[in-house]
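Student: Structure supplied as model-v5.txt; contents: compact mmCIF, C-alpha atoms.
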# COMPACT_ATOMS: atom_id res chain seq x y z
CA GLU A 1 -66.54 21.27 63.78
CA ILE A 2 -70.00 20.97 62.20
CA LEU A 3 -69.78 24.49 60.79
CA ALA A 4 -66.29 23.85 59.42
CA ASN A 5 -67.51 20.83 57.43
CA PHE A 6 -70.86 22.27 56.44
CA THR A 7 -71.57 22.76 52.72
CA VAL A 8 -74.70 24.15 51.15
CA PRO A 9 -76.44 21.48 49.03
CA GLY A 10 -75.72 22.23 45.37
CA SER A 11 -72.72 24.44 46.19
CA LYS A 12 -69.41 24.10 44.33
CA GLU A 13 -67.89 22.22 47.29
CA GLU A 14 -70.75 19.75 47.28
CA ARG A 15 -70.71 19.34 43.51
CA ARG A 16 -66.99 18.57 43.50
CA LYS A 17 -67.96 15.24 45.09
CA GLN A 18 -70.24 14.47 42.14
CA MET A 19 -69.59 11.25 40.24
CA PHE A 20 -69.21 11.54 36.48
CA HIS A 21 -72.30 9.44 35.70
CA GLU A 22 -74.26 11.88 37.90
CA THR A 23 -72.89 14.80 35.89
CA VAL A 24 -73.99 13.07 32.69
CA ALA A 25 -77.50 12.63 34.13
CA GLU A 26 -77.55 16.31 35.18
CA TRP A 27 -76.46 17.43 31.70
CA LEU A 28 -79.12 15.21 30.15
CA GLU A 29 -81.82 16.76 32.33
CA HIS A 30 -80.55 20.20 31.33
CA GLN A 31 -80.90 19.30 27.63
CA LYS A 32 -84.43 17.99 28.10
CA ALA A 33 -85.81 21.47 28.60
CA SER A 34 -84.27 22.98 25.48
CA LYS A 35 -84.11 20.22 22.86
CA PRO A 36 -86.89 18.59 20.79
CA ALA A 37 -87.91 15.11 21.89
CA SER A 38 -86.29 13.48 18.85
CA ILE A 39 -82.88 15.03 19.59
CA TYR A 40 -83.19 14.41 23.32
CA ALA A 41 -83.96 10.73 22.65
CA GLY A 42 -80.71 10.42 20.72
CA TYR A 43 -78.78 12.06 23.57
CA GLN A 44 -80.42 9.74 26.08
CA TYR A 45 -79.60 6.65 24.01
CA CYS A 46 -75.89 7.55 23.94
CA ALA A 47 -75.84 8.74 27.56
CA ASN A 48 -77.17 5.41 28.83
CA ASP A 49 -74.02 3.66 27.58
CA VAL A 50 -71.71 6.32 29.03
CA MET A 51 -73.45 6.25 32.43
CA LEU A 52 -73.37 2.44 32.51
CA TYR A 53 -69.59 2.37 32.14
CA PHE A 54 -68.81 5.16 34.60
CA ARG A 55 -71.30 3.85 37.14
CA GLU A 56 -70.46 0.14 37.10
CA ILE A 57 -67.09 -0.35 35.36
CA CYS A 58 -65.15 2.79 36.24
CA PRO A 59 -66.82 4.87 38.99
CA VAL A 60 -64.98 8.20 39.14
CA LYS A 61 -65.66 11.71 40.33
CA THR A 62 -66.06 14.24 37.56
CA ILE A 63 -63.09 16.28 38.80
CA ASP A 64 -60.91 13.14 38.77
CA LEU A 65 -61.78 12.08 35.23
CA THR A 66 -58.72 11.84 32.96
CA SER A 67 -58.12 11.60 29.22
CA ASN A 68 -56.84 8.08 29.75
CA MET A 69 -60.17 7.07 31.32
CA VAL A 70 -62.04 8.47 28.31
CA GLU A 71 -59.84 6.41 25.99
CA GLN A 72 -60.38 3.32 28.17
CA TYR A 73 -64.12 3.87 27.79
CA GLN A 74 -63.72 4.04 24.02
CA ASN A 75 -61.83 0.73 24.04
CA TRP A 76 -64.52 -0.87 26.23
CA GLU A 77 -67.26 0.22 23.84
CA ARG A 78 -65.22 -0.98 20.87
CA THR A 79 -64.54 -4.39 22.46
CA ARG A 80 -68.08 -5.18 23.59
CA ARG A 81 -69.46 -4.50 20.12
CA GLN A 82 -67.22 -6.98 18.32
CA LEU A 83 -68.94 -9.97 16.72
CA GLY A 84 -67.08 -12.56 18.80
CA TYR A 85 -67.47 -10.84 22.19
CA THR A 86 -69.57 -12.79 24.71
CA GLY A 87 -69.07 -10.84 27.95
CA LYS A 88 -71.70 -9.52 30.35
CA TYR A 89 -72.13 -6.17 28.61
CA LYS A 90 -72.30 -7.47 25.05
CA LYS A 91 -73.80 -4.90 22.66
CA GLY A 92 -74.48 -5.31 18.97
CA SER A 93 -72.78 -3.26 16.27
CA LYS A 94 -74.74 -0.91 14.04
CA TYR A 95 -74.68 -3.34 11.12
CA LYS A 96 -74.90 -7.12 11.03
CA ASP A 97 -71.42 -7.47 9.53
CA GLY A 98 -69.91 -5.84 12.63
CA SER A 99 -69.26 -2.44 11.05
CA GLY A 100 -70.45 0.92 12.29
CA VAL A 101 -68.66 0.70 15.66
CA GLU A 102 -66.51 3.79 15.05
CA ASN A 103 -69.62 5.80 14.21
CA THR A 104 -71.09 4.74 17.56
CA LEU A 105 -67.90 5.72 19.39
CA LYS A 106 -67.87 9.12 17.72
CA HIS A 107 -71.37 9.90 19.00
CA ARG A 108 -70.55 8.87 22.56
CA THR A 109 -67.22 10.70 22.65
CA THR A 110 -68.95 13.83 21.37
CA LEU A 111 -71.48 13.48 24.18
CA ILE A 112 -68.72 13.19 26.80
CA ARG A 113 -67.14 16.35 25.39
CA SER A 114 -70.44 18.20 25.70
CA VAL A 115 -70.96 17.01 29.28
CA LEU A 116 -67.46 18.14 30.29
CA GLN A 117 -67.90 21.48 28.54
CA TYR A 118 -71.08 21.93 30.59
CA ALA A 119 -69.14 21.03 33.76
CA LYS A 120 -66.32 23.40 32.81
CA ARG A 121 -68.76 26.25 32.26
CA ASP A 122 -70.17 25.70 35.74
CA GLY A 123 -66.70 25.62 37.29
CA LEU A 124 -66.88 21.94 38.22
CA VAL A 125 -63.74 21.11 36.20
CA GLU A 126 -60.93 23.30 34.95
CA ARG A 127 -60.46 21.67 31.55
CA ASN A 128 -62.25 19.36 29.18
CA VAL A 129 -60.26 16.12 29.23
CA ALA A 130 -62.14 14.78 26.20
CA SER A 131 -61.41 17.71 23.90
CA SER A 132 -58.91 17.77 21.07
CA ARG A 133 -57.75 21.27 21.99
CA ASP A 134 -57.22 20.77 25.74
CA CYS A 135 -56.06 17.16 25.81
CA HIS A 136 -55.48 16.06 22.21
CA ILE A 137 -58.21 13.41 22.17
CA SER A 138 -59.46 13.02 18.63
CA LEU A 139 -62.87 11.72 17.64
CA PRO A 140 -62.99 8.20 16.19
CA SER A 141 -63.06 8.22 12.39
CA PRO A 142 -66.44 7.03 11.05
CA GLN A 143 -66.29 4.06 8.72
CA ARG A 144 -67.43 4.46 5.14
CA ASN A 145 -69.92 1.68 4.53
CA LEU A 146 -70.63 0.27 1.09
CA PHE A 147 -74.21 -0.79 0.46
CA LEU A 148 -75.51 -3.10 -2.23
CA VAL A 149 -78.24 -1.63 -4.44
CA LEU A 150 -80.98 -3.42 -6.32
CA THR A 151 -80.45 -4.41 -9.92
CA VAL A 152 -82.94 -3.18 -12.53
CA GLY A 153 -84.51 -6.64 -12.56
CA GLU A 154 -84.87 -6.71 -8.76
CA ALA A 155 -86.39 -3.24 -8.75
CA SER A 156 -88.86 -4.24 -11.47
CA ARG A 157 -89.85 -7.32 -9.52
CA MET A 158 -90.39 -5.22 -6.40
CA MET A 159 -92.69 -2.86 -8.33
CA LYS A 160 -94.70 -5.82 -9.65
CA LEU A 161 -95.13 -7.16 -6.13
CA ALA A 162 -96.13 -3.71 -4.89
CA ARG A 163 -98.99 -3.59 -7.40
CA GLU A 164 -100.76 -6.18 -5.27
CA GLU A 165 -100.82 -3.71 -2.37
CA VAL A 166 -102.88 -0.56 -1.74
CA LEU A 167 -102.16 2.50 -3.88
CA TRP A 168 -100.40 4.54 -1.18
CA PHE A 169 -97.96 1.68 -0.61
CA GLN A 170 -97.27 1.42 -4.36
CA ALA A 171 -96.50 5.15 -4.44
CA SER A 172 -94.21 4.85 -1.42
CA VAL A 173 -92.19 2.04 -3.01
CA ALA A 174 -91.97 3.95 -6.29
CA MET A 175 -90.66 7.10 -4.58
CA GLY A 176 -88.07 5.06 -2.71
CA LEU A 177 -86.86 3.32 -5.86
CA LEU A 178 -87.04 6.11 -8.44
CA ILE A 179 -86.09 9.17 -6.38
CA GLY A 180 -83.90 7.46 -3.81
CA LEU A 181 -85.84 8.60 -0.74
CA ARG A 182 -85.29 7.14 2.69
CA ARG A 183 -88.22 5.52 4.46
CA SER A 184 -88.46 8.47 6.88
CA GLU A 185 -88.54 10.91 3.94
CA VAL A 186 -91.29 8.97 2.15
CA ILE A 187 -93.44 8.95 5.29
CA GLY A 188 -92.82 12.68 5.74
CA VAL A 189 -94.19 13.66 2.31
CA CYS A 190 -97.37 15.78 2.62
CA GLU A 191 -99.81 16.84 -0.09
CA ASP A 192 -98.43 20.37 -0.30
CA ALA A 193 -94.91 19.00 -0.95
CA ILE A 194 -95.89 18.02 -4.50
CA ASN A 195 -96.19 20.59 -7.29
CA TRP A 196 -98.16 18.87 -10.04
CA GLU A 197 -97.69 21.71 -12.53
CA THR A 198 -93.87 21.66 -12.45
CA CYS A 199 -93.63 17.94 -11.60
CA GLN A 200 -91.48 18.69 -8.57
CA ILE A 201 -91.48 17.30 -5.05
CA ILE A 202 -89.94 19.11 -2.10
CA ILE A 203 -88.50 16.96 0.68
CA SER A 204 -88.57 19.24 3.72
CA GLN A 205 -89.31 16.92 6.64
CA THR A 206 -88.89 13.38 7.88
CA VAL A 207 -90.90 11.22 10.24
CA THR A 208 -89.03 8.97 12.65
CA GLN A 209 -89.77 7.08 15.83
CA GLN A 210 -87.67 7.69 18.95
CA MET A 211 -87.82 6.13 22.39
CA VAL A 212 -87.59 8.41 25.44
CA ASP A 213 -87.15 6.76 28.87
Could you spell out this file's structure in structure tokens?

Tutor:
Amino acid sequence: EILANFTVPGSKEERRKQMFHETVAEWLEHQKASKPASIYAGYQYCANDVMLYFREICPVKTIDLTSNMVEQYQNWERTRRQLGYTGKYKKGSKYKDGSGVENTLKHRTTLIRSVLQYAKRDGLVERNVASSRDCHISLPSPQRNLFLVLTVGEASRMMKLAREEVLWFQASVAMGLLIGLRRSEVIGVCEDAINWETCQIIISQTVTQQMVD
């Protein structure tokens, strides 16, 4: 009887008992060895939300996961990020006006697809229930956000205020205003990026801060 029920740890029979949040954690660990820290941090940030739902709200084995469950997760994420939501798992939207939720959902749905593709490759599941080809689940459509820009007068006032600061800060503000650089692009500018003879600047890298663990 013992031999009949015996399974080797890590075997396919044993892994078929794996919960989906455990598969997400396994996939995340797999990515850690091959991806830069900045990319891995983004994966981890999205994975934390996915694992929270499938660990506490909807515990399910990976082999039992359905397309309907993936869509229910999307609705849960969408609901808890609304401005008026006050439940236990309240999470803020990307922007203060409540927009950016669909962008967030797209990232997390893409992550679920990748996790299931990893599980499918290893023979843990037979099909990817989050894919558009296998199960006709489409990615949420990102919202197009409109941003207000500074008027000429506001920009001039900002430059005047910047003159009271150190020179490198003045240059940073000027590059942001006149060339339209992001903060991460301004910080990433090195001395060899500027060609003083041709008056050209090459933006080839950015500097950002990411949180891992």

Student: Find the residues around Lys90 (chain A) up to 8 Å (only C-alpha atoms counted), leave out those fewer than 3 positions away in its own chain, and share them as a compact mmCIF listing (two decimals) with C-alpha atoms, in the coordinates of the input.

Tutor:
# COMPACT_ATOMS: atom_id res chain seq x y z
CA ARG A 80 -68.08 -5.18 23.59
CA ARG A 81 -69.46 -4.50 20.12
CA TYR A 85 -67.47 -10.84 22.19
CA THR A 86 -69.57 -12.79 24.71
CA GLY A 87 -69.07 -10.84 27.95

Student: For CA of Ile63 (chain A) and CA of Arg113 (chain A), determine how far apart the two atoms are, in Å to one decimal place.

Tutor: 14.0 Å

Student: By how many Å are CA of Met51 (chain A) and CA of Gly84 (chain A) apart?

Tutor: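 It comes out at 24.1 Å.
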
Student: Kindly provide, as number ranges by chain, the polymer residues lying within 12 Å of (-89.0, 5.4, -8.9), counting only C-alpha atoms and using the coordinates exactly as they appear in the file.

Tutor: A: 152, 155-156, 158-159, 170-181, 186

Student: Work out how far apart CA of Ile201 (chain A) and CA of Val166 (chain A) are and give it in Å to one decimal.

Tutor: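 We find that CA of Ile201 (chain A) and CA of Val166 (chain A) lie 21.4 Å from each other.
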